[in-house]
Amino acid sequence: MIEILVVMAIVTVLAGLGLWIGMDSFRGYSYRSERNRFISSLQKARLESMTNINESKHGVRVESDKYVIFEGDSYDSNPNSHEISVLSGGVNITGVTFPYDAIFDQLSGTASGTTLNITDGARNSLISINNEGRISW
């Protein structure tokens with residue numbers, strides 16, 4: 001009977017440890033996925049500006065709980081061209097006053113430089129957009 005209790009205790013400890021490690025891995029995956037999706041949106045807007053899609057500037061509007069890819073000189077200039085992505089998994093963007101528009105110029109892809117912080121509380125990444133429009137993280 002004691003041997004069975006010892007084995008059950010060991011199995012319970014190992015299962016609890018495995019669950020804890022698994023959940024931490026899942027949260028890390030969710031954070032990296034959201035960060036990469038946001039960076040891809042910035043890169044997409046810059047690429048569309050540089051290739052002069054619809055002969056217009058493109059940008060990304062960052063709000064507290066979402067970000068939106070848009071076309072035109074400002075977020076409000078063309079309401080039909082928005083591509084909305086909602087942040088999930090406790091991920092937040094900070095470091096700027098909301099709403100913030102990262103607008104990339106036609107053909108050159110230049111932008112006003114800024115640094116954004118994307119975090120989930122435990123993990124943190126700085127995303128920089130320099131004056132030439134280069135996005136680094």
# chains A, B, ... in the order shown; residues from 1 in each chain; ligands from 1

$ select_by_dssp --residues "chain A" --states "strand (DSSP E)" --output "count of residues only"
37

$ residues_around --residues "Ser136 of chain A" --least-positions-apart "5" --cutoff "8 Å" --atoms "only C-alpha atoms" --output "list in words"
Ile127, Ser128 and Ile129 of chain A

$ closest_residue --among "A:Ala111, A:Val91, A:Val96, A:Leu5" --to "Ser125 of chain A" --atoms "only C-alpha atoms"
A:Val91

$ select_by_dssp --residues "segment 7-79 of chain A" --states "helix (DSSP H, G or I)" --output "PyMOL selection string"
chain A and resi 7-50+53-55

$ residues_around --residues "Asn78 of chain A" --least-positions-apart "2" --cutoff "12 Å" --atoms "only C-alpha atoms" --output "PyMOL selection string"
chain A and resi 54+56-59+69-76+80-83

$ write_last_selection --atoms "all heavy atoms" --output "compact mmCIF listing (two decimals), in the first residue's frame"
# COMPACT_ATOMS: atom_id res chain seq x y z
N ASN A 54 -2.01 51.16 -55.21
CA ASN A 54 -3.08 52.15 -55.34
C ASN A 54 -2.57 53.58 -55.26
O ASN A 54 -3.30 54.49 -54.89
CB ASN A 54 -4.17 51.92 -54.29
CG ASN A 54 -4.87 50.60 -54.48
OD1 ASN A 54 -4.97 50.11 -55.59
ND2 ASN A 54 -5.34 50.02 -53.40
N SER A 56 -0.75 55.21 -53.16
CA SER A 56 -1.13 55.80 -51.88
C SER A 56 -0.15 55.38 -50.79
O SER A 56 0.53 54.36 -50.90
CB SER A 56 -2.54 55.32 -51.52
OG SER A 56 -2.95 55.82 -50.29
N LYS A 57 -0.12 56.18 -49.73
CA LYS A 57 0.61 55.81 -48.52
C LYS A 57 -0.16 54.70 -47.83
O LYS A 57 -1.36 54.54 -48.03
CB LYS A 57 0.73 56.99 -47.56
CG LYS A 57 1.55 58.14 -48.07
CD LYS A 57 1.58 59.24 -47.03
CE LYS A 57 2.40 60.41 -47.51
NZ LYS A 57 2.46 61.47 -46.48
N HIS A 58 0.54 53.93 -46.98
CA HIS A 58 -0.09 52.90 -46.17
C HIS A 58 0.44 53.03 -44.75
O HIS A 58 1.54 53.54 -44.53
CB HIS A 58 0.21 51.50 -46.72
CG HIS A 58 -0.48 51.22 -48.01
ND1 HIS A 58 -0.03 51.73 -49.21
CD2 HIS A 58 -1.59 50.52 -48.29
CE1 HIS A 58 -0.84 51.34 -50.18
NE2 HIS A 58 -1.80 50.60 -49.64
N GLY A 59 -0.33 52.56 -43.80
CA GLY A 59 0.10 52.67 -42.42
C GLY A 59 -0.60 51.68 -41.52
O GLY A 59 -1.46 50.90 -41.95
N ILE A 69 -4.42 47.95 -40.33
CA ILE A 69 -3.68 48.34 -41.52
C ILE A 69 -4.62 49.19 -42.38
O ILE A 69 -5.76 48.80 -42.62
CB ILE A 69 -3.21 47.12 -42.33
CG1 ILE A 69 -2.29 46.25 -41.48
CG2 ILE A 69 -2.52 47.55 -43.61
CD1 ILE A 69 -1.90 44.94 -42.14
N PHE A 70 -4.13 50.36 -42.81
CA PHE A 70 -4.99 51.23 -43.60
C PHE A 70 -4.23 51.79 -44.79
O PHE A 70 -3.00 51.71 -44.87
CB PHE A 70 -5.57 52.37 -42.74
CG PHE A 70 -4.54 53.32 -42.20
CD1 PHE A 70 -4.18 54.46 -42.91
CD2 PHE A 70 -3.94 53.08 -40.98
CE1 PHE A 70 -3.24 55.34 -42.41
CE2 PHE A 70 -3.00 53.96 -40.47
CZ PHE A 70 -2.65 55.09 -41.19
N GLU A 71 -4.97 52.38 -45.70
CA GLU A 71 -4.43 52.98 -46.91
C GLU A 71 -4.82 54.44 -46.93
O GLU A 71 -5.96 54.79 -46.62
CB GLU A 71 -5.01 52.26 -48.12
CG GLU A 71 -4.59 52.80 -49.45
CD GLU A 71 -5.27 52.04 -50.58
OE1 GLU A 71 -5.29 50.80 -50.55
OE2 GLU A 71 -5.80 52.71 -51.48
N GLY A 72 -3.88 55.31 -47.30
CA GLY A 72 -4.18 56.73 -47.41
C GLY A 72 -3.28 57.55 -46.52
O GLY A 72 -2.43 57.04 -45.79
N ASP A 73 -3.49 58.87 -46.58
CA ASP A 73 -2.66 59.80 -45.80
C ASP A 73 -2.93 59.72 -44.31
O ASP A 73 -2.10 60.11 -43.51
CB ASP A 73 -2.88 61.23 -46.28
CG ASP A 73 -2.34 61.45 -47.68
OD1 ASP A 73 -1.43 60.69 -48.08
OD2 ASP A 73 -2.82 62.36 -48.38
N SER A 74 -4.12 59.27 -43.94
CA SER A 74 -4.46 59.13 -42.53
C SER A 74 -5.43 57.97 -42.37
O SER A 74 -5.97 57.46 -43.34
CB SER A 74 -5.08 60.41 -41.99
OG SER A 74 -6.36 60.60 -42.56
N TYR A 75 -5.62 57.57 -41.13
CA TYR A 75 -6.51 56.45 -40.82
C TYR A 75 -7.93 56.72 -41.30
O TYR A 75 -8.60 55.82 -41.80
CB TYR A 75 -6.49 56.20 -39.31
CG TYR A 75 -7.45 55.17 -38.82
CD1 TYR A 75 -7.21 53.82 -39.04
CD2 TYR A 75 -8.61 55.53 -38.14
CE1 TYR A 75 -8.09 52.85 -38.58
CE2 TYR A 75 -9.49 54.57 -37.67
CZ TYR A 75 -9.23 53.24 -37.90
OH TYR A 75 -10.09 52.29 -37.45
N ASP A 76 -8.40 57.95 -41.19
CA ASP A 76 -9.77 58.30 -41.51
C ASP A 76 -10.00 58.62 -42.99
O ASP A 76 -11.13 58.80 -43.41
CB ASP A 76 -10.22 59.50 -40.67
CG ASP A 76 -10.15 59.19 -39.19
OD1 ASP A 76 -10.49 58.04 -38.81
OD2 ASP A 76 -9.74 60.07 -38.42
N ASN A 80 -12.76 52.25 -46.22
CA ASN A 80 -13.03 50.95 -46.81
C ASN A 80 -11.81 50.05 -46.93
O ASN A 80 -11.91 48.92 -47.35
CB ASN A 80 -13.66 51.14 -48.20
CG ASN A 80 -14.98 51.85 -48.12
OD1 ASN A 80 -15.74 51.65 -47.18
ND2 ASN A 80 -15.26 52.71 -49.08
N SER A 81 -10.63 50.55 -46.59
CA SER A 81 -9.41 49.78 -46.83
C SER A 81 -8.77 49.27 -45.54
O SER A 81 -7.58 49.09 -45.47
CB SER A 81 -8.41 50.64 -47.58
OG SER A 81 -7.98 51.70 -46.76
N HIS A 82 -9.55 49.03 -44.52
CA HIS A 82 -8.99 48.65 -43.22
C HIS A 82 -8.91 47.13 -43.06
O HIS A 82 -9.79 46.40 -43.49
CB HIS A 82 -9.83 49.23 -42.08
CG HIS A 82 -9.91 50.71 -42.11
ND1 HIS A 82 -8.82 51.52 -42.14
CD2 HIS A 82 -10.97 51.54 -42.11
CE1 HIS A 82 -9.20 52.78 -42.15
NE2 HIS A 82 -10.51 52.82 -42.14
N GLU A 83 -7.83 46.69 -42.46
CA GLU A 83 -7.63 45.29 -42.12
C GLU A 83 -7.36 45.23 -40.62
O GLU A 83 -6.29 45.61 -40.16
CB GLU A 83 -6.44 44.74 -42.91
CG GLU A 83 -6.19 43.28 -42.73
CD GLU A 83 -5.04 42.82 -43.61
OE1 GLU A 83 -4.99 43.20 -44.79
OE2 GLU A 83 -4.20 42.09 -43.09

$ closest_residue --among "A:Ile21, A:Ile135, A:Ala122, A:Ile93" --to "Arg35 of chain A" --atoms "only C-alpha atoms"
A:Ile93

$ atom_distance --atom1 "atom CA of Glu132 of chain A" --atom2 "atom CA of Glu48 of chain A"
15.1 Å

$ residues_around --residues "Ile118 of chain A" --least-positions-apart "6" --cutoff "12 Å" --atoms "only C-alpha atoms" --output "MDAnalysis selection string"
chainID A and resid 31:39 62 64:66 87:88 90:96 124:128 137

$ atom_distance --atom1 "atom CA of Ile4 of chain A" --atom2 "atom CA of Gly22 of chain A"
26.5 Å

$ atom_distance --atom1 "atom CA of Thr114 of chain A" --atom2 "atom CA of Thr97 of chain A"
11.2 Å

$ closest_residue --among "A:Glu3, A:Met23, A:Ser77, A:Gly89" --to "Gly121 of chain A" --atoms "only C-alpha atoms"
A:Gly89
